>>> print(open('model-v3.pdb').read())   # PDB, C-alpha atoms, pLDDT in the B column
ATOM      1  CA  MET W 287      34.846-206.532 117.169  1.00 79.00           C
ATOM      2  CA  PHE W 288      33.452-203.893 114.786  1.00 95.00           C
ATOM      3  CA  SER W 289      33.911-205.590 111.411  1.00 96.00           C
ATOM      4  CA  ASN W 290      30.154-205.951 110.871  1.00 98.00           C
ATOM      5  CA  ILE W 291      29.468-202.251 111.462  1.00 98.00           C
ATOM      6  CA  ARG W 292      29.536-199.787 108.580  1.00 98.00           C
ATOM      7  CA  VAL W 293      29.022-196.036 108.606  1.00 98.00           C
ATOM      8  CA  VAL W 294      27.253-194.775 105.483  1.00 98.00           C
ATOM      9  CA  MET W 295      27.442-191.130 104.382  1.00 98.00           C
ATOM     10  CA  VAL W 296      24.914-190.089 101.737  1.00 98.00           C
ATOM     11  CA  ASN W 297      25.683-187.477  99.075  1.00 98.00           C
ATOM     12  CA  THR W 298      28.189-185.574 101.241  1.00 98.00           C
ATOM     13  CA  SER W 299      29.061-182.200  99.710  1.00 97.00           C
ATOM     14  CA  LEU W 300      32.157-181.186 101.707  1.00 97.00           C
ATOM     15  CA  PRO W 301      35.212-183.444 101.460  1.00 97.00           C
ATOM     16  CA  ALA W 302      36.388-182.107 104.827  1.00 97.00           C
ATOM     17  CA  ASN W 303      33.395-183.780 106.475  1.00 98.00           C
ATOM     18  CA  ILE W 304      34.355-187.114 104.933  1.00 98.00           C
ATOM     19  CA  GLY W 305      37.872-186.728 106.317  1.00 98.00           C
ATOM     20  CA  ALA W 306      36.602-185.729 109.758  1.00 98.00           C
ATOM     21  CA  ALA W 307      34.221-188.690 109.727  1.00 98.00           C
ATOM     22  CA  ALA W 308      37.090-191.061 108.915  1.00 98.00           C
ATOM     23  CA  ARG W 309      38.932-189.689 111.928  1.00 97.00           C
ATOM     24  CA  ALA W 310      35.822-190.160 114.080  1.00 98.00           C
ATOM     25  CA  LEU W 311      35.585-193.807 113.041  1.00 98.00           C
ATOM     26  CA  LYS W 312      39.229-194.542 113.699  1.00 97.00           C
ATOM     27  CA  THR W 313      39.272-192.983 117.168  1.00 97.00           C
ATOM     28  CA  MET W 314      36.417-195.310 118.173  1.00 97.00           C
ATOM     29  CA  GLY W 315      37.951-198.413 116.579  1.00 97.00           C
ATOM     30  CA  LEU W 316      35.628-198.624 113.568  1.00 98.00           C
ATOM     31  CA  GLY W 317      36.991-198.921 110.049  1.00 97.00           C
ATOM     32  CA  ASN W 318      34.190-199.465 107.542  1.00 98.00           C
ATOM     33  CA  LEU W 319      33.134-196.289 105.721  1.00 98.00           C
ATOM     34  CA  VAL W 320      30.769-196.321 102.719  1.00 98.00           C
ATOM     35  CA  LEU W 321      30.146-193.184 100.644  1.00 98.00           C
ATOM     36  CA  VAL W 322      26.956-192.898  98.621  1.00 98.00           C
ATOM     37  CA  ASP W 323      27.401-190.604  95.624  1.00 98.00           C
ATOM     38  CA  PRO W 324      29.787-188.110  97.303  1.00 98.00           C
ATOM     39  CA  GLN W 325      30.039-184.799  95.456  1.00 97.00           C
ATOM     40  CA  MET W 326      33.861-184.598  95.691  1.00 96.00           C
ATOM     41  CA  PHE W 327      35.911-187.667  96.554  1.00 97.00           C
ATOM     42  CA  PRO W 328      38.808-188.403  96.602  1.00 95.00           C
ATOM     43  CA  ASN W 329      39.887-184.920  97.613  1.00 96.00           C
ATOM     44  CA  ALA W 330      42.863-183.317  99.351  1.00 96.00           C
ATOM     45  CA  ASP W 331      40.616-181.705 101.963  1.00 96.00           C
ATOM     46  CA  ALA W 332      39.322-185.106 103.004  1.00 97.00           C
ATOM     47  CA  THR W 333      42.855-186.422 103.418  1.00 96.00           C
ATOM     48  CA  ALA W 334      43.926-183.352 105.396  1.00 96.00           C
ATOM     49  CA  LEU W 335      40.985-183.577 107.824  1.00 96.00           C
ATOM     50  CA  ALA W 336      41.430-187.307 108.287  1.00 96.00           C
ATOM     51  CA  SER W 337      44.595-186.489 110.266  1.00 90.00           C
ATOM     52  CA  GLY W 338      46.089-189.961 110.588  1.00 93.00           C
ATOM     53  CA  ALA W 339      43.000-191.858 109.457  1.00 97.00           C
ATOM     54  CA  SER W 340      43.813-191.833 105.745  1.00 95.00           C
ATOM     55  CA  ASP W 341      43.708-195.630 105.756  1.00 97.00           C
ATOM     56  CA  ILE W 342      39.962-195.401 106.422  1.00 97.00           C
ATOM     57  CA  LEU W 343      39.614-193.169 103.357  1.00 97.00           C
ATOM     58  CA  HIS W 344      41.662-195.517 101.194  1.00 97.00           C
ATOM     59  CA  ARG W 345      39.432-198.438 102.152  1.00 97.00           C
ATOM     60  CA  ALA W 346      36.195-196.450 101.814  1.00 98.00           C
ATOM     61  CA  ARG W 347      33.718-197.931  99.354  1.00 98.00           C
ATOM     62  CA  VAL W 348      31.939-195.564  96.957  1.00 98.00           C
ATOM     63  CA  VAL W 349      28.512-196.662  95.687  1.00 98.00           C
ATOM     64  CA  PRO W 350      25.810-194.907  93.624  1.00 98.00           C
ATOM     65  CA  THR W 351      22.780-195.498  95.865  1.00 98.00           C
ATOM     66  CA  LEU W 352      21.859-196.107  99.490  1.00 98.00           C
ATOM     67  CA  GLN W 353      20.355-199.424  98.497  1.00 97.00           C
ATOM     68  CA  ASP W 354      23.782-200.524  97.237  1.00 98.00           C
ATOM     69  CA  ALA W 355      25.346-199.497 100.555  1.00 98.00           C
ATOM     70  CA  ILE W 356      22.973-201.465 102.778  1.00 98.00           C
ATOM     71  CA  ALA W 357      22.004-204.411 100.564  1.00 98.00           C
ATOM     72  CA  ASP W 358      23.393-207.146 102.847  1.00 97.00           C
ATOM     73  CA  CYS W 359      22.535-205.441 106.162  1.00 98.00           C
ATOM     74  CA  LYS W 360      19.918-206.874 108.501  1.00 96.00           C
ATOM     75  CA  LEU W 361      19.785-203.783 110.700  1.00 97.00           C
ATOM     76  CA  VAL W 362      19.789-200.273 109.234  1.00 97.00           C
ATOM     77  CA  ILE W 363      19.606-197.177 111.465  1.00 97.00           C
ATOM     78  CA  GLY W 364      19.266-193.724 109.913  1.00 97.00           C
ATOM     79  CA  ALA W 365      20.111-190.432 111.602  1.00 96.00           C
ATOM     80  CA  SER W 366      17.160-188.036 111.756  1.00 88.00           C
ATOM     81  CA  ALA W 367      16.935-184.832 113.781  1.00 73.00           C
ATOM     82  CA  ARG W 368      13.252-184.194 113.141  1.00 65.00           C
ATOM     83  CA  SER W 369       9.976-186.030 113.390  1.00 57.00           C
ATOM     84  CA  ARG W 370       8.268-187.095 110.172  1.00 61.00           C
ATOM     85  CA  THR W 371       4.694-187.021 108.886  1.00 66.00           C
ATOM     86  CA  ILE W 372       4.473-190.729 109.628  1.00 74.00           C
ATOM     87  CA  PRO W 373       6.313-191.502 112.899  1.00 81.00           C
ATOM     88  CA  TRP W 374       9.006-194.188 112.712  1.00 85.00           C
ATOM     89  CA  SER W 375      10.571-196.361 115.415  1.00 88.00           C
ATOM     90  CA  MET W 376      13.020-193.991 117.119  1.00 91.00           C
ATOM     91  CA  LEU W 377      16.121-194.616 119.246  1.00 94.00           C
ATOM     92  CA  ASP W 378      18.317-192.185 121.099  1.00 94.00           C
ATOM     93  CA  SER W 379      22.047-192.440 120.497  1.00 96.00           C
ATOM     94  CA  ARG W 380      22.663-194.630 123.552  1.00 96.00           C
ATOM     95  CA  GLN W 381      19.924-197.093 122.657  1.00 96.00           C
ATOM     96  CA  ALA W 382      21.275-197.242 119.120  1.00 97.00           C
ATOM     97  CA  GLY W 383      24.765-197.992 120.395  1.00 97.00           C
ATOM     98  CA  GLU W 384      23.535-200.955 122.402  1.00 96.00           C
ATOM     99  CA  LEU W 385      21.372-202.316 119.595  1.00 96.00           C
ATOM    100  CA  VAL W 386      24.246-202.040 117.110  1.00 97.00           C
ATOM    101  CA  ARG W 387      26.532-203.836 119.573  1.00 96.00           C
ATOM    102  CA  THR W 388      24.232-206.819 120.028  1.00 95.00           C
ATOM    103  CA  GLU W 389      23.237-207.250 116.394  1.00 95.00           C
ATOM    104  CA  SER W 390      26.677-206.647 114.862  1.00 96.00           C
ATOM    105  CA  GLU W 391      27.857-209.806 116.609  1.00 94.00           C
ATOM    106  CA  ARG W 392      25.623-211.757 114.225  1.00 93.00           C
ATOM    107  CA  HIS W 393      25.217-209.857 110.953  1.00 96.00           C
ATOM    108  CA  PRO W 394      26.074-206.645 109.070  1.00 97.00           C
ATOM    109  CA  VAL W 395      24.687-203.401 110.498  1.00 98.00           C
ATOM    110  CA  ALA W 396      24.588-199.930 108.900  1.00 98.00           C
ATOM    111  CA  LEU W 397      24.512-196.470 110.493  1.00 98.00           C
ATOM    112  CA  VAL W 398      23.332-194.007 107.844  1.00 98.00           C
ATOM    113  CA  PHE W 399      23.977-190.242 107.850  1.00 98.00           C
ATOM    114  CA  GLY W 400      22.577-187.722 105.390  1.00 97.00           C
ATOM    115  CA  ARG W 401      23.546-184.525 103.640  1.00 96.00           C
ATOM    116  CA  GLU W 402      24.952-181.553 105.497  1.00 95.00           C
ATOM    117  CA  ASP W 403      22.087-179.219 104.591  1.00 92.00           C
ATOM    118  CA  ARG W 404      19.015-181.461 104.710  1.00 92.00           C
ATOM    119  CA  GLY W 405      19.924-184.887 106.055  1.00 94.00           C
ATOM    120  CA  LEU W 406      18.268-187.985 104.644  1.00 95.00           C
ATOM    121  CA  THR W 407      15.226-187.836 102.402  1.00 94.00           C
ATOM    122  CA  ASN W 408      11.963-189.471 103.451  1.00 92.00           C
ATOM    123  CA  GLU W 409      12.561-192.206 100.888  1.00 94.00           C
ATOM    124  CA  GLU W 410      16.000-192.939 102.352  1.00 96.00           C
ATOM    125  CA  LEU W 411      14.713-192.944 105.917  1.00 94.00           C
ATOM    126  CA  GLN W 412      12.029-195.412 104.876  1.00 93.00           C
ATOM    127  CA  GLN W 413      14.795-197.894 104.038  1.00 96.00           C
ATOM    128  CA  CYS W 414      15.817-197.895 107.723  1.00 96.00           C
ATOM    129  CA  HIS W 415      14.477-200.122 110.484  1.00 95.00           C
ATOM    130  CA  TYR W 416      15.018-197.401 113.068  1.00 95.00           C
ATOM    131  CA  HIS W 417      15.792-193.700 113.189  1.00 95.00           C
ATOM    132  CA  VAL W 418      18.323-192.392 115.685  1.00 96.00           C
ATOM    133  CA  TYR W 419      18.536-188.943 117.210  1.00 94.00           C
ATOM    134  CA  ILE W 420      21.092-187.277 119.455  1.00 94.00           C
ATOM    135  CA  PRO W 421      19.382-185.571 122.429  1.00 92.00           C
ATOM    136  CA  SER W 422      21.041-182.193 121.948  1.00 91.00           C
ATOM    137  CA  ASP W 423      20.048-178.832 123.406  1.00 91.00           C
ATOM    138  CA  SER W 424      16.561-177.713 122.351  1.00 87.00           C
ATOM    139  CA  GLU W 425      17.672-174.135 121.627  1.00 90.00           C
ATOM    140  CA  TYR W 426      20.501-175.157 119.308  1.00 90.00           C
ATOM    141  CA  GLY W 427      20.606-178.793 118.330  1.00 84.00           C
ATOM    142  CA  VAL W 428      22.406-178.508 114.987  1.00 86.00           C
ATOM    143  CA  LEU W 429      25.293-180.969 114.746  1.00 91.00           C
ATOM    144  CA  ASN W 430      27.829-181.170 111.950  1.00 95.00           C
ATOM    145  CA  VAL W 431      27.519-184.553 110.246  1.00 97.00           C
ATOM    146  CA  ALA W 432      31.032-185.609 111.273  1.00 97.00           C
ATOM    147  CA  ALA W 433      30.273-184.604 114.878  1.00 97.00           C
ATOM    148  CA  ALA W 434      27.082-186.676 114.780  1.00 97.00           C
ATOM    149  CA  ILE W 435      29.058-189.650 113.488  1.00 98.00           C
ATOM    150  CA  GLN W 436      31.546-189.177 116.326  1.00 98.00           C
ATOM    151  CA  VAL W 437      28.767-189.248 118.941  1.00 98.00           C
ATOM    152  CA  ILE W 438      27.101-192.379 117.572  1.00 98.00           C
ATOM    153  CA  CYS W 439      30.416-194.210 117.128  1.00 98.00           C
ATOM    154  CA  TYR W 440      31.302-193.313 120.720  1.00 97.00           C
ATOM    155  CA  GLU W 441      28.045-194.847 121.939  1.00 97.00           C
ATOM    156  CA  VAL W 442      28.731-198.003 119.943  1.00 97.00           C
ATOM    157  CA  ARG W 443      32.196-198.277 121.459  1.00 96.00           C
ATOM    158  CA  MET W 444      30.939-197.637 124.981  1.00 95.00           C
ATOM    159  CA  ALA W 445      28.297-200.339 124.582  1.00 95.00           C
ATOM    160  CA  HIS W 446      31.028-202.800 123.577  1.00 95.00           C
ATOM    161  CA  LEU W 447      33.326-201.795 126.441  1.00 94.00           C
ATOM    162  CA  ILE W 448      30.548-202.143 129.009  1.00 93.00           C
ATOM    163  CA  ALA W 449      29.554-205.533 127.605  1.00 92.00           C
ATOM    164  CA  GLU W 450      33.124-206.796 127.881  1.00 89.00           C
ATOM    165  CA  ASN W 451      32.958-206.322 131.647  1.00 83.00           C
ATOM    166  CA  ARG W 452      29.764-208.373 132.028  1.00 57.00           C
ATOM    167  CA  PRO W 453      29.812-212.083 132.994  1.00 45.00           C
ATOM    168  CA  THR W 454      30.070-214.288 129.929  1.00 39.00           C
ATOM    169  CA  THR W 455      28.968-217.838 129.212  1.00 45.00           C
ATOM    170  CA  ASP W 456      30.151-220.540 126.854  1.00 45.00           C
ATOM    171  CA  ILE W 457      26.546-221.307 125.896  1.00 42.00           C
ATOM    172  CA  VAL W 458      25.752-220.025 122.405  1.00 47.00           C
ATOM    173  CA  GLN W 459      22.663-217.840 122.635  1.00 49.00           C
ATOM    174  CA  PRO W 460      20.216-217.732 119.713  1.00 48.00           C
ATOM    175  CA  ALA W 461      19.934-214.521 117.697  1.00 50.00           C
ATOM    176  CA  SER W 462      17.315-212.247 119.194  1.00 49.00           C
ATOM    177  CA  MET W 463      14.957-209.598 117.936  1.00 50.00           C
ATOM    178  CA  PRO W 464      15.476-206.128 119.446  1.00 51.00           C
ATOM    179  CA  LEU W 465      12.856-206.856 122.110  1.00 47.00           C
ATOM    180  CA  PRO W 466      13.538-208.052 125.657  1.00 44.00           C
ATOM    181  CA  HIS W 467      13.208-211.807 126.265  1.00 39.00           C
ATOM    182  CA  ALA W 468      12.491-212.584 122.601  1.00 50.00           C
ATOM    183  CA  PRO W 469      15.079-215.114 121.352  1.00 57.00           C
ATOM    184  CA  TRP W 470      14.935-215.735 117.611  1.00 70.00           C
ATOM    185  CA  ASP W 471      15.719-219.003 115.879  1.00 79.00           C
ATOM    186  CA  GLU W 472      15.816-217.916 112.227  1.00 87.00           C
ATOM    187  CA  GLU W 473      18.043-215.669 110.133  1.00 91.00           C
ATOM    188  CA  LEU W 474      16.727-212.143 109.584  1.00 93.00           C
ATOM    189  CA  VAL W 475      16.172-210.871 106.035  1.00 96.00           C
ATOM    190  CA  ASN W 476      18.645-208.328 104.642  1.00 96.00           C
ATOM    191  CA  ALA W 477      17.822-204.917 103.161  1.00 96.00           C
ATOM    192  CA  GLU W 478      18.265-205.974  99.523  1.00 96.00           C
ATOM    193  CA  ASP W 479      15.735-208.794  99.817  1.00 97.00           C
ATOM    194  CA  MET W 480      13.296-206.531 101.670  1.00 96.00           C
ATOM    195  CA  GLU W 481      13.344-204.049  98.780  1.00 96.00           C
ATOM    196  CA  GLY W 482      12.271-206.882  96.479  1.00 96.00           C
ATOM    197  CA  PHE W 483       9.637-207.808  99.063  1.00 97.00           C
ATOM    198  CA  TYR W 484       8.118-204.303  98.990  1.00 96.00           C
ATOM    199  CA  GLN W 485       8.062-204.245  95.200  1.00 96.00           C
ATOM    200  CA  HIS W 486       6.328-207.638  95.171  1.00 97.00           C
ATOM    201  CA  PHE W 487       3.830-206.453  97.792  1.00 96.00           C
ATOM    202  CA  GLU W 488       2.870-203.365  95.777  1.00 95.00           C
ATOM    203  CA  ALA W 489       2.569-205.385  92.565  1.00 96.00           C
ATOM    204  CA  ALA W 490       0.251-207.889  94.291  1.00 96.00           C
ATOM    205  CA  MET W 491      -1.861-205.102  95.771  1.00 94.00           C
ATOM    206  CA  VAL W 492      -2.202-203.368  92.392  1.00 95.00           C
ATOM    207  CA  GLU W 493      -3.039-206.572  90.503  1.00 95.00           C
ATOM    208  CA  SER W 494      -5.650-207.521  93.108  1.00 93.00           C
ATOM    209  CA  GLY W 495      -7.285-204.104  92.810  1.00 93.00           C
ATOM    210  CA  PHE W 496      -6.613-203.195  96.429  1.00 93.00           C
ATOM    211  CA  LEU W 497      -4.082-200.448  95.659  1.00 93.00           C
ATOM    212  CA  ASP W 498      -4.597-197.674  93.138  1.00 94.00           C
ATOM    213  CA  PRO W 499      -1.103-196.943  91.709  1.00 92.00           C
ATOM    214  CA  ASP W 500      -2.233-193.446  90.706  1.00 92.00           C
ATOM    215  CA  ASN W 501      -3.430-192.649  94.225  1.00 93.00           C
ATOM    216  CA  PRO W 502      -1.543-194.839  96.717  1.00 88.00           C
ATOM    217  CA  ARG W 503      -1.862-192.256  99.513  1.00 89.00           C
ATOM    218  CA  GLN W 504       0.317-193.333 102.438  1.00 91.00           C
ATOM    219  CA  MET W 505      -0.291-197.055 102.254  1.00 92.00           C
ATOM    220  CA  PRO W 506       3.118-198.105 100.809  1.00 92.00           C
ATOM    221  CA  VAL W 507       4.947-196.033 103.422  1.00 93.00           C
ATOM    222  CA  ARG W 508       2.854-197.390 106.290  1.00 93.00           C
ATOM    223  CA  VAL W 509       3.293-200.954 105.063  1.00 94.00           C
ATOM    224  CA  ARG W 510       7.053-200.401 104.850  1.00 94.00           C
ATOM    225  CA  ARG W 511       7.066-199.014 108.387  1.00 93.00           C
ATOM    226  CA  MET W 512       5.065-201.999 109.658  1.00 94.00           C
ATOM    227  CA  PHE W 513       7.366-204.616 108.156  1.00 95.00           C
ATOM    228  CA  ASN W 514      10.509-202.698 109.159  1.00 92.00           C
ATOM    229  CA  ARG W 515       9.224-202.710 112.717  1.00 90.00           C
ATOM    230  CA  MET W 516       8.461-206.448 112.529  1.00 89.00           C
ATOM    231  CA  ARG W 517      11.795-207.341 110.851  1.00 91.00           C
ATOM    232  CA  LEU W 518      10.926-210.575 109.069  1.00 94.00           C
ATOM    233  CA  ASP W 519      12.977-213.713 109.371  1.00 93.00           C
ATOM    234  CA  ARG W 520      13.591-215.907 106.325  1.00 94.00           C
ATOM    235  CA  LEU W 521      10.669-218.277 106.915  1.00 95.00           C
ATOM    236  CA  GLU W 522       8.235-215.394 107.437  1.00 95.00           C
ATOM    237  CA  TYR W 523       9.602-213.686 104.329  1.00 96.00           C
ATOM    238  CA  ASN W 524       9.051-216.801 102.218  1.00 97.00           C
ATOM    239  CA  LEU W 525       5.543-217.202 103.643  1.00 97.00           C
ATOM    240  CA  TRP W 526       4.554-213.659 102.665  1.00 97.00           C
ATOM    241  CA  ARG W 527       6.095-213.956  99.211  1.00 97.00           C
ATOM    242  CA  GLY W 528       4.007-217.102  98.709  1.00 97.00           C
ATOM    243  CA  ILE W 529       0.875-215.207  99.747  1.00 97.00           C
ATOM    244  CA  PHE W 530       1.681-212.441  97.260  1.00 97.00           C
ATOM    245  CA  ARG W 531       2.180-214.958  94.440  1.00 97.00           C
ATOM    246  CA  GLN W 532      -1.153-216.623  95.236  1.00 97.00           C
ATOM    247  CA  MET W 533      -2.897-213.230  95.241  1.00 95.00           C
ATOM    248  CA  GLN W 534      -1.421-212.476  91.827  1.00 96.00           C
ATOM    249  CA  ALA W 535      -2.496-215.870  90.464  1.00 96.00           C
ATOM    250  CA  MET W 536      -6.044-215.396  91.778  1.00 95.00           C
ATOM    251  CA  ALA W 537      -6.238-211.872  90.319  1.00 94.00           C
ATOM    252  CA  ALA W 538      -5.075-213.174  86.934  1.00 94.00           C
ATOM    253  CA  GLU W 539      -7.663-215.992  87.031  1.00 93.00           C
ATOM    254  CA  ILE W 540     -10.469-213.544  87.833  1.00 92.00           C
ATOM    255  CA  ALA W 541      -9.334-211.270  84.999  1.00 89.00           C
ATOM    256  CA  ARG W 542      -9.367-214.177  82.537  1.00 89.00           C
ATOM    257  CA  ALA W 543     -12.815-215.296  83.690  1.00 91.00           C
ATOM    258  CA  SER W 544     -14.243-211.802  83.302  1.00 88.00           C
ATOM    259  CA  LYS W 545     -13.184-211.721  79.633  1.00 83.00           C
ATOM    260  CA  LYS W 546     -15.102-214.856  78.737  1.00 76.00           C
TER     261      LYS W 546
END
>>> encode(input="model-v3.pdb", output="structure tokens")
Amino acid sequence: MFSNIRVVMVNTSLPANIGAAARALKTMGLGNLVLVDPQMFPNADATALASGASDILHRARVVPTLQDAIADCKLVIGASARSRTIPWSMLDSRQAGELVRTESERHPVALVFGREDRGLTNEELQQCHYHVYIPSDSEYGVLNVAAAIQVICYEVRMAHLIAENRPTTDIVQPASMPLPHAPWDEELVNAEDMEGFYQHFEAAMVESGFLDPDNPRQMPVRVRRMFNRMRLDRLEYNLWRGIFRQMQAMAAEIARASKK
């Protein structure tokens, strides 16, 4: 039921939080924990705080970068407690739980949590399709990272339990975008391919003279936000990559002509 859902912890400093997070996953039926560059792991404190969930720790995958953790995911949701300079598509914890439920039935999904002291960086949040927040008290809304993981995992589980009580059908429904009444007929593009897409986009913009690499301003971030909101399928992805290649070819032809 939850095999396509992974919880990603980025650069965690306290092993106890990793152990508590493993316990949070196990109590909600999840089992896929990925650690991005943890400061101390394995560690006895993590095992002690796991309290019966040491199997989650033993299976945990350790990777050097967030991109490695989410490469095959077609939905990535990052935890963020504060608004950013450029607003991003935002979900509350309940909306995130429902979206994770529906999409994890079809492809890998990642829930990403940041450092204890400062959360996720802007660059890391820009790798996410959505940001999720927990609507905590306005006077004191500071949640420990393991507590935040517990809340989001609870919402994912509740979404699954509620769905199990709904009428079901034997008709296979097409994959859908996270919009009401919008069935989708093509496979969505994963995070690894989208990173290559953004690099290709910037290269095409620079070679065409549209983007100044020394003064990009906010264009790359806004473009990333736009395409993350759109969530390209494979045919759309291939179409755009073809456009970028043609732009590069035209820019090269103009450059050659200008030298004659």
>>> closest_residue(input="model-v3.pdb", among="W:Phe496, W:Tyr419, W:Tyr426, W:Tyr484", to="W:Met376", atoms="all atoms listed in the file")
W:Tyr419
>>> closest_residue(input="model-v3.pdb", among="W:Glu488, W:Glu539, W:Glu441, W:Asp500", to="W:Val386", atoms="only C-alpha atoms")
W:Glu441
>>> resolve_selection(input="model-v3.pdb", expression="the PyMOL selection byres ((chain W and resi 336) around 6)", output="list in words")
Gly305, Ala306, Ala308, Arg309, Thr333, Ala334, Leu335, Ser337, Gly338, Ala339 and Ser340 of chain W
>>> residues_around(input="model-v3.pdb", residues="stretch 540-543 of chain W", least_positions_apart="4", cutoff="10 Å", atoms="only C-alpha atoms", output="list in words")
Glu493, Ser494, Gln534, Ala535 and Met536 of chain W
>>> write_last_selection(input="model-v3.pdb", atoms="C-alpha atoms", output="short mmCIF file (atom, residue, chain, number, x, y, z; two decimals), in the coordinates of the input")
data_model
loop_
_atom_site.label_atom_id
_atom_site.label_comp_id
_atom_site.auth_asym_id
_atom_site.auth_seq_id
_atom_site.Cartn_x
_atom_site.Cartn_y
_atom_site.Cartn_z
CA GLU W 493 -3.04 -206.57 90.50
CA SER W 494 -5.65 -207.52 93.11
CA GLN W 534 -1.42 -212.48 91.83
CA ALA W 535 -2.50 -215.87 90.46
CA MET W 536 -6.04 -215.40 91.78
#
>>> closest_residue(input="model-v3.pdb", among="W:Met491, W:Leu316, W:Tyr416, W:Leu361", to="W:His446", atoms="only C-alpha atoms")
W:Leu316
>>> residues_around(input="model-v3.pdb", residues="stretch 503-516 of chain W", least_positions_apart="6", cutoff="12 Å", atoms="all atoms listed in the file", output="VMD selection string")
chain W and resid 360 to 363 370 to 376 408 to 417 463 to 465 474 to 477 480 to 489 491 to 492 496 to 497 522 to 523 526
>>> atom_distance(input="model-v3.pdb", atom1="atom CA of W:Cys359", atom2="atom CA of W:Val442")
16.8 Å
>>> closest_residue(input="model-v3.pdb", among="W:Ser390, W:Leu377, W:Arg443, W:Ser366", to="W:Thr407", atoms="all atoms listed in the file")
W:Ser366
>>> atom_distance(input="model-v3.pdb", atom1="atom CA of W:Ile291", atom2="atom CA of W:Val395")
5.0 Å
>>> atom_distance(input="model-v3.pdb", atom1="atom CA of W:Gly315", atom2="atom CA of W:Asp403")
27.6 Å
>>> decode(input="model-v3.pdb", residues="stretch 383-400 of chain W", atoms="N, CA and C atoms", output="compact mmCIF listing (two decimals), in the first residue's frame")
# COMPACT_ATOMS: atom_id res chain seq x y z
N GLY W 383 -1.56 14.67 2.13
CA GLY W 383 -1.85 13.26 2.37
C GLY W 383 -2.70 12.65 1.28
N GLU W 384 -3.70 13.37 0.85
CA GLU W 384 -4.59 12.86 -0.20
C GLU W 384 -3.87 12.78 -1.55
N LEU W 385 -3.08 13.80 -1.86
CA LEU W 385 -2.36 13.78 -3.13
C LEU W 385 -1.33 12.65 -3.17
N VAL W 386 -0.63 12.44 -2.07
CA VAL W 386 0.33 11.34 -1.99
C VAL W 386 -0.39 10.01 -2.14
N ARG W 387 -1.55 9.87 -1.52
CA ARG W 387 -2.31 8.61 -1.64
C ARG W 387 -2.63 8.30 -3.09
N THR W 388 -3.20 9.28 -3.81
CA THR W 388 -3.64 9.00 -5.17
C THR W 388 -2.46 8.74 -6.11
N GLU W 389 -1.40 9.51 -5.97
CA GLU W 389 -0.30 9.37 -6.93
C GLU W 389 0.61 8.19 -6.61
N SER W 390 0.71 7.81 -5.33
CA SER W 390 1.59 6.69 -4.98
C SER W 390 1.04 5.36 -5.49
N GLU W 391 -0.21 5.34 -5.90
CA GLU W 391 -0.77 4.12 -6.50
C GLU W 391 -0.21 3.88 -7.90
N ARG W 392 0.45 4.92 -8.47
CA ARG W 392 0.91 4.82 -9.85
C ARG W 392 2.41 4.95 -10.02
N HIS W 393 3.06 5.72 -9.12
CA HIS W 393 4.50 5.96 -9.31
C HIS W 393 5.13 6.41 -8.00
N PRO W 394 6.46 6.43 -7.94
CA PRO W 394 7.15 6.82 -6.70
C PRO W 394 6.89 8.28 -6.33
N VAL W 395 6.74 8.49 -5.02
CA VAL W 395 6.44 9.81 -4.46
C VAL W 395 7.41 10.05 -3.30
N ALA W 396 7.88 11.30 -3.16
CA ALA W 396 8.81 11.63 -2.07
C ALA W 396 8.24 12.76 -1.22
N LEU W 397 8.37 12.60 0.10
CA LEU W 397 8.08 13.64 1.08
C LEU W 397 9.42 14.06 1.67
N VAL W 398 9.80 15.32 1.50
CA VAL W 398 11.15 15.77 1.82
C VAL W 398 11.12 16.72 3.03
N PHE W 399 12.00 16.44 3.99
CA PHE W 399 12.09 17.23 5.22
C PHE W 399 13.52 17.71 5.41
N GLY W 400 13.65 18.97 5.87
CA GLY W 400 14.97 19.59 5.93
C GLY W 400 15.65 19.52 7.28
